[in-house]
$ cat structure38.txt   # compact mmCIF, C-alpha atoms (C1' of nucleotides)
# COMPACT_ATOMS: atom_id res chain seq x y z
CA MET A 1 -70.30 -79.17 -203.33
CA PRO A 2 -68.37 -76.05 -204.07
CA GLU A 3 -68.62 -73.75 -207.01
CA LEU A 4 -66.58 -70.59 -207.44
CA PRO A 5 -68.27 -68.60 -204.63
CA GLU A 6 -67.75 -71.39 -202.10
CA VAL A 7 -64.10 -71.80 -203.07
CA GLU A 8 -63.56 -68.05 -202.88
CA THR A 9 -65.29 -67.98 -199.49
CA THR A 10 -62.96 -70.74 -198.32
CA ARG A 11 -59.95 -68.83 -199.60
CA ARG A 12 -60.97 -65.66 -197.76
CA GLY A 13 -61.67 -67.63 -194.59
CA ILE A 14 -58.31 -69.35 -194.37
CA ALA A 15 -56.04 -66.63 -195.78
CA PRO A 16 -55.82 -64.41 -192.67
CA HIS A 17 -54.82 -67.38 -190.52
CA ALA A 18 -52.57 -69.23 -192.93
CA LEU A 19 -50.65 -66.51 -194.77
CA GLY A 20 -47.11 -66.21 -193.52
CA GLN A 21 -47.43 -69.44 -191.54
CA ARG A 22 -44.83 -72.18 -191.73
CA VAL A 23 -46.13 -75.69 -192.36
CA THR A 24 -44.61 -77.89 -189.70
CA GLN A 25 -46.09 -81.21 -190.75
CA VAL A 26 -48.33 -82.71 -193.42
CA ILE A 27 -50.48 -85.72 -192.55
CA VAL A 28 -52.00 -87.69 -195.40
CA ARG A 29 -54.40 -90.22 -193.91
CA ASN A 30 -55.88 -91.35 -197.19
CA PRO A 31 -54.22 -90.46 -200.49
CA ARG A 32 -56.93 -92.13 -202.56
CA LEU A 33 -58.72 -89.10 -203.95
CA ARG A 34 -59.99 -88.98 -207.52
CA GLN A 35 -56.36 -88.64 -208.49
CA PRO A 36 -53.92 -89.73 -205.79
CA VAL A 37 -52.50 -87.11 -203.45
CA SER A 38 -48.96 -86.36 -204.67
CA PRO A 39 -46.63 -88.77 -202.83
CA GLN A 40 -44.00 -86.06 -202.40
CA LEU A 41 -46.45 -83.55 -200.85
CA ALA A 42 -45.64 -84.28 -197.21
CA THR A 43 -41.88 -84.04 -197.63
CA ALA A 44 -41.90 -81.13 -200.03
CA LEU A 45 -44.33 -78.90 -198.14
CA ALA A 46 -43.06 -79.49 -194.60
CA GLY A 47 -40.94 -76.57 -193.48
CA GLN A 48 -42.28 -74.25 -196.18
CA THR A 49 -44.03 -70.95 -195.52
CA ILE A 50 -47.36 -70.20 -197.21
CA HIS A 51 -46.80 -66.84 -198.86
CA ALA A 52 -49.93 -66.61 -201.03
CA ILE A 53 -53.33 -68.26 -201.34
CA ASP A 54 -54.85 -67.81 -204.77
CA ARG A 55 -57.86 -69.18 -206.60
CA ARG A 56 -58.21 -70.17 -210.24
CA GLY A 57 -61.75 -71.25 -211.07
CA LYS A 58 -62.62 -73.83 -208.44
CA TYR A 59 -58.98 -74.55 -207.60
CA LEU A 60 -57.16 -73.18 -204.57
CA LEU A 61 -53.42 -72.55 -204.84
CA LEU A 62 -51.34 -72.57 -201.65
CA ARG A 63 -48.04 -71.07 -202.70
CA SER A 64 -44.64 -71.44 -201.07
CA SER A 65 -41.19 -70.65 -202.38
CA ALA A 66 -40.54 -74.35 -203.06
CA GLY A 67 -43.80 -75.09 -204.88
CA THR A 68 -47.58 -74.91 -204.84
CA VAL A 69 -50.33 -77.13 -203.46
CA ILE A 70 -53.21 -77.28 -205.96
CA ILE A 71 -56.48 -78.20 -204.23
CA HIS A 72 -59.90 -78.96 -205.70
CA LEU A 73 -62.78 -79.69 -203.35
CA GLY A 74 -64.71 -81.90 -205.75
CA MET A 75 -68.39 -82.38 -204.92
CA SER A 76 -68.20 -82.85 -201.18
CA GLY A 77 -64.94 -81.35 -199.96
CA ASN A 78 -64.18 -78.57 -197.55
CA LEU A 79 -60.96 -77.07 -196.28
CA ARG A 80 -61.08 -75.72 -192.77
CA LEU A 81 -58.73 -74.13 -190.31
CA LEU A 82 -58.95 -75.54 -186.82
CA PRO A 83 -56.75 -76.39 -183.83
CA ALA A 84 -54.44 -79.23 -184.83
CA ASN A 85 -55.21 -81.21 -181.67
CA ILE A 86 -58.86 -81.71 -182.59
CA PRO A 87 -59.13 -85.40 -183.53
CA ALA A 88 -59.60 -86.17 -187.20
CA GLU A 89 -62.91 -87.69 -188.22
CA LYS A 90 -63.82 -90.28 -190.75
CA HIS A 91 -63.33 -88.33 -193.98
CA ASP A 92 -60.52 -86.03 -192.90
CA HIS A 93 -57.92 -87.09 -195.45
CA VAL A 94 -55.21 -84.42 -195.28
CA ASP A 95 -53.91 -82.10 -192.53
CA MET A 96 -51.42 -79.31 -193.12
CA VAL A 97 -50.26 -78.39 -189.62
CA LEU A 98 -49.14 -74.80 -189.13
CA ALA A 99 -46.59 -73.36 -186.72
CA SER A 100 -49.43 -71.46 -185.01
CA GLY A 101 -50.85 -74.75 -183.72
CA GLN A 102 -53.75 -74.68 -186.12
CA CYS A 103 -54.12 -76.89 -189.15
CA LEU A 104 -55.70 -76.77 -192.57
CA ARG A 105 -57.81 -79.90 -192.73
CA LEU A 106 -59.33 -81.32 -195.91
CA ARG A 107 -62.51 -83.29 -195.43
CA ASP A 108 -64.00 -84.95 -198.50
CA PRO A 109 -66.48 -87.82 -198.03
CA ARG A 110 -66.87 -88.66 -201.70
CA ARG A 111 -63.17 -88.27 -202.47
CA PHE A 112 -63.79 -86.47 -205.75
CA GLY A 113 -61.33 -83.79 -204.71
CA THR A 114 -57.71 -83.26 -205.72
CA VAL A 115 -54.53 -82.38 -203.81
CA VAL A 116 -51.41 -82.18 -205.95
CA TRP A 117 -47.99 -80.63 -205.45
CA THR A 118 -46.19 -78.85 -208.26
CA GLU A 119 -42.83 -77.11 -208.36
CA ASP A 120 -43.57 -75.47 -211.69
CA ASP A 121 -45.90 -72.61 -212.55
CA PRO A 122 -49.23 -73.95 -211.26
CA LEU A 123 -51.15 -72.05 -213.92
CA GLN A 124 -49.36 -74.18 -216.52
CA HIS A 125 -50.26 -77.44 -214.74
CA ALA A 126 -52.37 -79.82 -216.83
CA LEU A 127 -55.35 -79.26 -214.49
CA LEU A 128 -55.32 -75.48 -214.96
CA ARG A 129 -53.69 -74.85 -218.33
CA ASN A 130 -56.82 -75.10 -220.42
CA LEU A 131 -59.34 -73.40 -218.15
CA GLY A 132 -61.49 -70.63 -219.60
CA PRO A 133 -61.52 -67.05 -218.31
CA GLU A 134 -62.41 -66.13 -214.74
CA PRO A 135 -66.06 -65.02 -214.85
CA LEU A 136 -65.42 -62.02 -212.61
CA ASP A 137 -62.49 -60.76 -214.72
CA ASN A 138 -62.86 -58.15 -217.40
CA ASN A 139 -61.78 -60.58 -220.11
CA PHE A 140 -64.96 -62.59 -219.57
CA THR A 141 -67.24 -60.92 -222.09
CA GLU A 142 -70.31 -61.56 -224.18
CA ALA A 143 -68.02 -61.64 -227.21
CA HIS A 144 -66.12 -64.56 -225.69
CA LEU A 145 -69.29 -66.57 -225.06
CA TYR A 146 -70.71 -65.65 -228.44
CA GLN A 147 -67.60 -66.51 -230.43
CA SER A 148 -66.80 -69.76 -228.63
CA SER A 149 -70.38 -70.99 -228.99
CA ARG A 150 -70.69 -70.62 -232.77
CA GLY A 151 -71.32 -74.04 -234.28
CA ARG A 152 -71.99 -75.64 -230.90
CA THR A 153 -75.24 -77.56 -230.59
CA LEU A 154 -75.21 -78.41 -226.90
CA SER A 155 -77.51 -76.60 -224.49
CA VAL A 156 -76.48 -73.22 -223.17
CA LYS A 157 -76.63 -74.56 -219.61
CA GLN A 158 -74.11 -77.29 -220.35
CA PHE A 159 -72.07 -74.78 -222.35
CA ILE A 160 -71.59 -72.35 -219.44
CA MET A 161 -70.83 -75.26 -217.08
CA ASP A 162 -67.86 -76.26 -219.28
CA SER A 163 -64.80 -75.03 -217.37
CA HIS A 164 -62.87 -74.65 -220.60
CA ILE A 165 -65.39 -72.03 -221.74
CA VAL A 166 -65.69 -70.17 -218.43
CA THR A 167 -64.44 -71.53 -215.14
CA GLY A 168 -66.28 -71.71 -211.84
CA VAL A 169 -69.92 -71.84 -212.94
CA GLY A 170 -71.43 -75.04 -211.54
CA ASN A 171 -74.87 -76.56 -211.38
CA ILE A 172 -76.46 -74.10 -208.95
CA TYR A 173 -75.16 -70.88 -210.44
CA ALA A 174 -75.74 -71.99 -214.04
CA SER A 175 -79.47 -72.35 -213.33
CA GLU A 176 -79.56 -69.10 -211.35
CA SER A 177 -77.70 -67.11 -214.02
CA LEU A 178 -79.95 -68.34 -216.82
CA PHE A 179 -82.99 -67.35 -214.78
CA LEU A 180 -81.64 -63.83 -214.25
CA ALA A 181 -80.84 -63.54 -217.95
CA GLY A 182 -84.28 -64.85 -218.98
CA ILE A 183 -82.76 -67.61 -221.11
CA HIS A 184 -84.21 -71.14 -221.31
CA PRO A 185 -81.52 -73.62 -220.21
CA GLY A 186 -82.27 -75.91 -223.14
CA CYS A 187 -81.46 -73.31 -225.82
CA SER A 188 -78.77 -74.45 -228.19
CA ALA A 189 -75.62 -72.45 -227.33
CA GLY A 190 -74.75 -71.80 -230.95
CA ARG A 191 -78.07 -70.18 -231.72
CA ILE A 192 -78.03 -67.51 -229.02
CA ALA A 193 -77.50 -63.94 -230.21
CA LEU A 194 -74.71 -61.65 -229.00
CA LYS A 195 -77.14 -59.42 -227.17
CA ARG A 196 -78.53 -62.32 -225.14
CA TYR A 197 -75.01 -63.40 -224.26
CA GLY A 198 -74.55 -59.86 -223.00
CA ARG A 199 -77.38 -60.40 -220.55
CA LEU A 200 -76.03 -63.80 -219.58
CA THR A 201 -72.53 -62.46 -218.98
CA THR A 202 -73.92 -59.76 -216.70
CA ALA A 203 -76.13 -62.28 -214.89
CA ILE A 204 -73.24 -64.67 -214.22
CA LYS A 205 -71.14 -61.86 -212.76
CA GLN A 206 -74.06 -60.65 -210.63
CA VAL A 207 -74.99 -64.08 -209.28
CA LEU A 208 -71.42 -65.07 -208.43
CA SER A 209 -70.66 -61.70 -206.80
CA ALA A 210 -73.82 -61.80 -204.72
CA ALA A 211 -73.10 -65.37 -203.64
CA ILE A 212 -69.56 -64.47 -202.57
CA ALA A 213 -70.96 -61.54 -200.59
CA GLN A 214 -73.25 -64.00 -198.76
CA GLY A 215 -70.44 -66.45 -198.04
CA GLY A 216 -71.60 -68.99 -200.63
CA THR A 217 -74.50 -71.43 -200.67
CA THR A 218 -74.89 -74.09 -197.97
CA LEU A 219 -77.37 -76.77 -199.05
CA ARG A 220 -76.00 -79.66 -197.02
CA ASP A 221 -72.42 -79.58 -195.97
CA PHE A 222 -70.59 -76.49 -197.16
CA TYR A 223 -68.65 -74.68 -194.45
CA ASN A 224 -66.10 -71.97 -195.05
CA GLY A 225 -62.51 -71.99 -193.82
CA GLU A 226 -63.68 -70.93 -190.38
CA GLY A 227 -66.47 -73.50 -190.12
CA ARG A 228 -69.40 -71.22 -190.90
CA PRO A 229 -72.11 -71.91 -193.50
CA GLY A 230 -73.08 -69.60 -196.37
CA TYR A 231 -76.38 -67.80 -196.73
CA PHE A 232 -76.92 -67.41 -200.46
CA GLN A 233 -79.40 -70.33 -200.52
CA GLN A 234 -81.94 -67.86 -199.16
CA GLN A 235 -81.65 -65.90 -202.41
CA LEU A 236 -81.91 -68.78 -204.85
CA ASN A 237 -84.63 -68.11 -207.42
CA VAL A 238 -84.85 -71.51 -209.09
CA TYR A 239 -82.29 -74.06 -207.87
CA GLY A 240 -83.98 -76.70 -205.72
CA ARG A 241 -87.37 -74.97 -206.02
CA ALA A 242 -89.19 -77.38 -208.35
CA SER A 243 -92.97 -76.72 -208.36
CA GLU A 244 -92.63 -73.75 -206.01
CA PRO A 245 -93.87 -70.39 -207.35
CA CYS A 246 -91.51 -68.24 -209.40
CA HIS A 247 -90.47 -65.17 -207.42
CA SER A 248 -91.22 -63.07 -210.48
CA CYS A 249 -94.32 -64.51 -212.23
CA GLN A 250 -95.67 -67.04 -209.67
CA ARG A 251 -95.74 -69.92 -212.14
CA PRO A 252 -94.34 -73.18 -210.74
CA ILE A 253 -90.60 -73.69 -211.23
CA ALA A 254 -89.87 -76.51 -213.66
CA GLN A 255 -87.14 -79.13 -213.46
CA LEU A 256 -85.40 -81.09 -216.16
CA ARG A 257 -82.36 -83.30 -216.61
CA GLN A 258 -79.38 -82.18 -218.72
CA GLY A 259 -76.17 -84.20 -218.92
CA GLN A 260 -77.14 -86.21 -215.83
CA ARG A 261 -77.61 -83.01 -213.81
CA SER A 262 -80.80 -81.38 -212.56
CA THR A 263 -81.75 -78.04 -214.08
CA PHE A 264 -84.32 -75.65 -212.64
CA TYR A 265 -86.00 -72.86 -214.58
CA CYS A 266 -89.18 -70.82 -214.96
CA MET A 267 -91.31 -71.63 -217.99
CA GLY A 268 -92.77 -68.15 -217.90
CA CYS A 269 -89.66 -66.02 -217.45
CA GLN A 270 -87.14 -67.99 -219.52
CA THR A 271 -87.51 -68.38 -223.29
C1' DC B 272 -63.50 -81.80 -233.25
C1' DA B 273 -68.09 -82.30 -230.62
C1' DA B 274 -71.61 -84.81 -228.03
C1' DC B 275 -72.78 -88.27 -224.92
C1' DG B 276 -72.67 -91.82 -221.38
C1' DG B 277 -70.15 -93.67 -217.86
C1' DA B 278 -66.80 -93.64 -214.29
C1' DC B 279 -65.00 -92.19 -209.88
C1' DC B 280 -67.08 -92.23 -204.28
C1' DT B 281 -70.07 -91.91 -199.87
C1' DG B 282 -74.17 -90.40 -197.50
C1' DC B 283 -78.78 -89.41 -197.12
C1' DC B 284 -83.53 -89.67 -198.20
C1' DT B 285 -87.63 -92.06 -199.99
C1' DG B 286 -90.55 -95.80 -200.65
C1' DC B 287 -91.66 -100.57 -200.40
C1' DT C 288 -86.25 -102.33 -189.35
C1' DG C 289 -84.01 -103.40 -193.69
C1' DC C 290 -82.97 -102.83 -198.19
C1' DA C 291 -83.03 -101.03 -203.02
C1' DG C 292 -82.97 -97.10 -205.70
C1' DG C 293 -82.18 -92.45 -206.71
C1' DC C 294 -80.03 -88.28 -205.90
C1' DA C 295 -76.15 -84.85 -204.52
C1' DG C 296 -72.49 -78.40 -205.27
C1' DG C 297 -67.39 -81.87 -210.35
C1' DT C 298 -64.53 -83.44 -213.85
C1' DC C 299 -62.15 -86.71 -216.85
C1' DC C 300 -62.19 -90.39 -220.23
C1' DG C 301 -63.67 -93.48 -223.85
C1' DT C 302 -66.77 -94.22 -227.62
C1' DT C 303 -69.45 -92.79 -231.36

$ encode --input "structure38.txt" --output "structure tokens"
Amino acid sequence: MPELPEVETTRRGIAPHALGQRVTQVIVRNPRLRQPVSPQLATALAGQTIHAIDRRGKYLLLRSSAGTVIIHLGMSGNLRLLPANIPAEKHDHVDMVLASGQCLRLRDPRRFGTVVWTEDDPLQHALLRNLGPEPLDNNFTEAHLYQSSRGRTLSVKQFIMDSHIVTGVGNIYASESLFLAGIHPGCSAGRIALKRYGRLTTAIKQVLSAAIAQGGTTLRDFYNGEGRPGYFQQQLNVYGRASEPCHSCQRPIAQLRQGQRSTFYCMGCQT
DNA sequence: CAACGGACCTGCCTGC
DNA sequence: TGCAGGCAGGTCCGTT
């Protein structure tokens, strides 16, 4: 489900209500996520105060003085803040109850998400250590994409979806960014010139920023920390628009399959 | 090392 | 109505 804009939207939604709050209780109803919920989470986090909520790529970091909860929402997860007395539903796997009477509730039907506890520097955790630059930071540049793609034969779409190259760009925003940059998703990453990577870098930053401003993209089941959907789907140019007319040239949007994922692009605008 | 397919899960939609 | 098949916003792992 969530790419960087949806995770950032979640972070902004929960931060005002959760920052400075003490966690009174942690309820783990089902620890069987893609990797098991840390067994020590409930004991370690209870009694701690959340003093920062950060994001690294698609990971959320709930920081306390004793340690950090690292959360990934997988394909289908959401993290919402709601009154703790609202009954949990089928796929509500983890509650972090706050002193305010609200709770942070993780719902994840497919259980591809992750909830782990670490007492070390979370940025050095195995899940985060090798991530590429943040796409909205100044150290994400065309030079980085250009240099790290030399000698690579895979498609540029799969290349920018590799979190070790740049983190946070998922299936929707990869297609959208390539459309904005005018680059065919099947181009071999290693054969793209520096100048084109300049356009792609700009496009990625633009698309992600615009999506954050709209509260993310809600196709099916994304809701932010306060339970509201995003609106960026109204501005999608190619994703999910197979055979509909291109907003720029009117030719029908094409669809193909890359690495078991659907890709959408315009045959006229992207070369 | 890089590329690729498969694995992990459930829900929803389509078509027979 | 029931059932099979395919698809879905992510990432890791094993094999070549």

$ interface_residues --input "structure38.txt" --of "chain C" --to "chain A" --cutoff "9 Å" --atoms "all atoms listed in the file" --output "ChimeraX atom specification"
/C:295-298

$ closest_atom_pairs --input "structure38.txt" --of "chain A" --to "chain B" --cutoff "6 Å" --atoms "all atoms listed in the file" --output "JSON lines"
{"residue": "A:Pro109", "atom": "CA", "partner": "B:DT281", "partner_atom": "C1'", "distance": 5.7}
{"residue": "A:Arg110", "atom": "CA", "partner": "B:DC280", "partner_atom": "C1'", "distance": 4.4}
{"residue": "A:Arg111", "atom": "CA", "partner": "B:DC280", "partner_atom": "C1'", "distance": 5.9}

$ closest_residue --input "structure38.txt" --among "A:Asn30, A:Gln35, A:Ser209, A:Asn237" --to "DC299 of chain C" --atoms "only C-alpha atoms (C1' of nucleotides)"
A:Gln35

$ atom_distance --input "structure38.txt" --atom1 "atom CA of Ala126 of chain A" --atom2 "atom CA of Arg32 of chain A"
19.4 Å

$ atom_distance --input "structure38.txt" --atom1 "atom CA of Tyr197 of chain A" --atom2 "atom CA of Leu180 of chain A"
12.0 Å

$ atom_distance --input "structure38.txt" --atom1 "atom CA of Ala44 of chain A" --atom2 "atom CA of Thr167 of chain A"
28.8 Å

$ build_atoms --input "structure38.txt" --residues "segment 64-75 of chain A" --atoms "all heavy atoms" --output "PDB file, keeping the file's coordinate frame"
ATOM      1  N   SER A  64     -45.841 -71.617-201.892  1.00  0.00           N
ATOM      2  CA  SER A  64     -44.640 -71.440-201.070  1.00  0.00           C
ATOM      3  C   SER A  64     -43.486 -71.229-202.034  1.00  0.00           C
ATOM      4  O   SER A  64     -43.654 -71.347-203.251  1.00  0.00           O
ATOM      5  CB  SER A  64     -44.383 -72.694-200.227  1.00  0.00           C
ATOM      6  OG  SER A  64     -43.840 -73.726-201.045  1.00  0.00           O
ATOM      7  N   SER A  65     -42.318 -70.909-201.474  1.00  0.00           N
ATOM      8  CA  SER A  65     -41.190 -70.650-202.380  1.00  0.00           C
ATOM      9  C   SER A  65     -40.704 -71.935-203.043  1.00  0.00           C
ATOM     10  O   SER A  65     -40.076 -71.892-204.092  1.00  0.00           O
ATOM     11  CB  SER A  65     -40.054 -69.957-201.632  1.00  0.00           C
ATOM     12  OG  SER A  65     -39.655 -70.755-200.542  1.00  0.00           O
ATOM     13  N   ALA A  66     -41.009 -73.095-202.465  1.00  0.00           N
ATOM     14  CA  ALA A  66     -40.540 -74.350-203.060  1.00  0.00           C
ATOM     15  C   ALA A  66     -41.527 -74.931-204.070  1.00  0.00           C
ATOM     16  O   ALA A  66     -41.156 -75.734-204.929  1.00  0.00           O
ATOM     17  CB  ALA A  66     -40.299 -75.392-201.965  1.00  0.00           C
ATOM     18  N   GLY A  67     -42.807 -74.528-203.980  1.00  0.00           N
ATOM     19  CA  GLY A  67     -43.800 -75.090-204.880  1.00  0.00           C
ATOM     20  C   GLY A  67     -45.196 -74.728-204.408  1.00  0.00           C
ATOM     21  O   GLY A  67     -45.361 -73.947-203.462  1.00  0.00           O
ATOM     22  N   THR A  68     -46.188 -75.287-205.082  1.00  0.00           N
ATOM     23  CA  THR A  68     -47.580 -74.910-204.840  1.00  0.00           C
ATOM     24  C   THR A  68     -48.428 -76.154-204.616  1.00  0.00           C
ATOM     25  O   THR A  68     -48.264 -77.150-205.325  1.00  0.00           O
ATOM     26  CB  THR A  68     -48.131 -74.139-206.060  1.00  0.00           C
ATOM     27  OG1 THR A  68     -47.309 -72.995-206.291  1.00  0.00           O
ATOM     28  CG2 THR A  68     -49.575 -73.712-205.846  1.00  0.00           C
ATOM     29  N   VAL A  69     -49.333 -76.083-203.630  1.00  0.00           N
ATOM     30  CA  VAL A  69     -50.330 -77.130-203.460  1.00  0.00           C
ATOM     31  C   VAL A  69     -51.575 -76.712-204.240  1.00  0.00           C
ATOM     32  O   VAL A  69     -52.125 -75.630-204.001  1.00  0.00           O
ATOM     33  CB  VAL A  69     -50.722 -77.330-201.981  1.00  0.00           C
ATOM     34  CG1 VAL A  69     -51.565 -78.588-201.826  1.00  0.00           C
ATOM     35  CG2 VAL A  69     -49.498 -77.383-201.096  1.00  0.00           C
ATOM     36  N   ILE A  70     -51.999 -77.539-205.173  1.00  0.00           N
ATOM     37  CA  ILE A  70     -53.210 -77.280-205.960  1.00  0.00           C
ATOM     38  C   ILE A  70     -54.320 -78.136-205.348  1.00  0.00           C
ATOM     39  O   ILE A  70     -54.193 -79.360-205.263  1.00  0.00           O
ATOM     40  CB  ILE A  70     -53.015 -77.653-207.436  1.00  0.00           C
ATOM     41  CG1 ILE A  70     -51.855 -76.852-208.044  1.00  0.00           C
ATOM     42  CG2 ILE A  70     -54.310 -77.433-208.220  1.00  0.00           C
ATOM     43  CD1 ILE A  70     -51.512 -77.268-209.476  1.00  0.00           C
ATOM     44  N   ILE A  71     -55.397 -77.488-204.919  1.00  0.00           N
ATOM     45  CA  ILE A  71     -56.480 -78.200-204.230  1.00  0.00           C
ATOM     46  C   ILE A  71     -57.799 -77.969-204.953  1.00  0.00           C
ATOM     47  O   ILE A  71     -58.145 -76.826-205.279  1.00  0.00           O
ATOM     48  CB  ILE A  71     -56.614 -77.705-202.773  1.00  0.00           C
ATOM     49  CG1 ILE A  71     -55.314 -77.963-201.997  1.00  0.00           C
ATOM     50  CG2 ILE A  71     -57.802 -78.382-202.066  1.00  0.00           C
ATOM     51  CD1 ILE A  71     -55.321 -77.382-200.592  1.00  0.00           C
ATOM     52  N   HIS A  72     -58.518 -79.052-205.200  1.00  0.00           N
ATOM     53  CA  HIS A  72     -59.900 -78.960-205.700  1.00  0.00           C
ATOM     54  C   HIS A  72     -60.781 -79.700-204.708  1.00  0.00           C
ATOM     55  O   HIS A  72     -60.417 -80.771-204.234  1.00  0.00           O
ATOM     56  CB  HIS A  72     -60.002 -79.587-207.091  1.00  0.00           C
ATOM     57  CG  HIS A  72     -61.287 -79.242-207.800  1.00  0.00           C
ATOM     58  ND1 HIS A  72     -62.510 -79.721-207.398  1.00  0.00           N
ATOM     59  CD2 HIS A  72     -61.530 -78.450-208.862  1.00  0.00           C
ATOM     60  CE1 HIS A  72     -63.458 -79.239-208.210  1.00  0.00           C
ATOM     61  NE2 HIS A  72     -62.886 -78.464-209.108  1.00  0.00           N
ATOM     62  N   LEU A  73     -61.931 -79.124-204.392  1.00  0.00           N
ATOM     63  CA  LEU A  73     -62.780 -79.690-203.350  1.00  0.00           C
ATOM     64  C   LEU A  73     -63.815 -80.689-203.876  1.00  0.00           C
ATOM     65  O   LEU A  73     -64.595 -81.237-203.089  1.00  0.00           O
ATOM     66  CB  LEU A  73     -63.476 -78.562-202.578  1.00  0.00           C
ATOM     67  CG  LEU A  73     -62.511 -77.583-201.887  1.00  0.00           C
ATOM     68  CD1 LEU A  73     -63.272 -76.420-201.258  1.00  0.00           C
ATOM     69  CD2 LEU A  73     -61.673 -78.286-200.828  1.00  0.00           C
ATOM     70  N   GLY A  74     -63.801 -80.912-205.182  1.00  0.00           N
ATOM     71  CA  GLY A  74     -64.710 -81.900-205.750  1.00  0.00           C
ATOM     72  C   GLY A  74     -66.161 -81.561-205.464  1.00  0.00           C
ATOM     73  O   GLY A  74     -66.569 -80.402-205.483  1.00  0.00           O
ATOM     74  N   MET A  75     -66.972 -82.580-205.202  1.00  0.00           N
ATOM     75  CA  MET A  75     -68.390 -82.380-204.920  1.00  0.00           C
ATOM     76  C   MET A  75     -68.642 -82.159-203.437  1.00  0.00           C
ATOM     77  O   MET A  75     -69.600 -81.495-203.049  1.00  0.00           O
ATOM     78  CB  MET A  75     -69.184 -83.619-205.343  1.00  0.00           C
ATOM     79  CG  MET A  75     -69.338 -83.781-206.821  1.00  0.00           C
ATOM     80  SD  MET A  75     -70.628 -82.766-207.504  1.00  0.00           S
ATOM     81  CE  MET A  75     -71.961 -83.955-207.588  1.00  0.00           C
TER      82      MET A  75
END
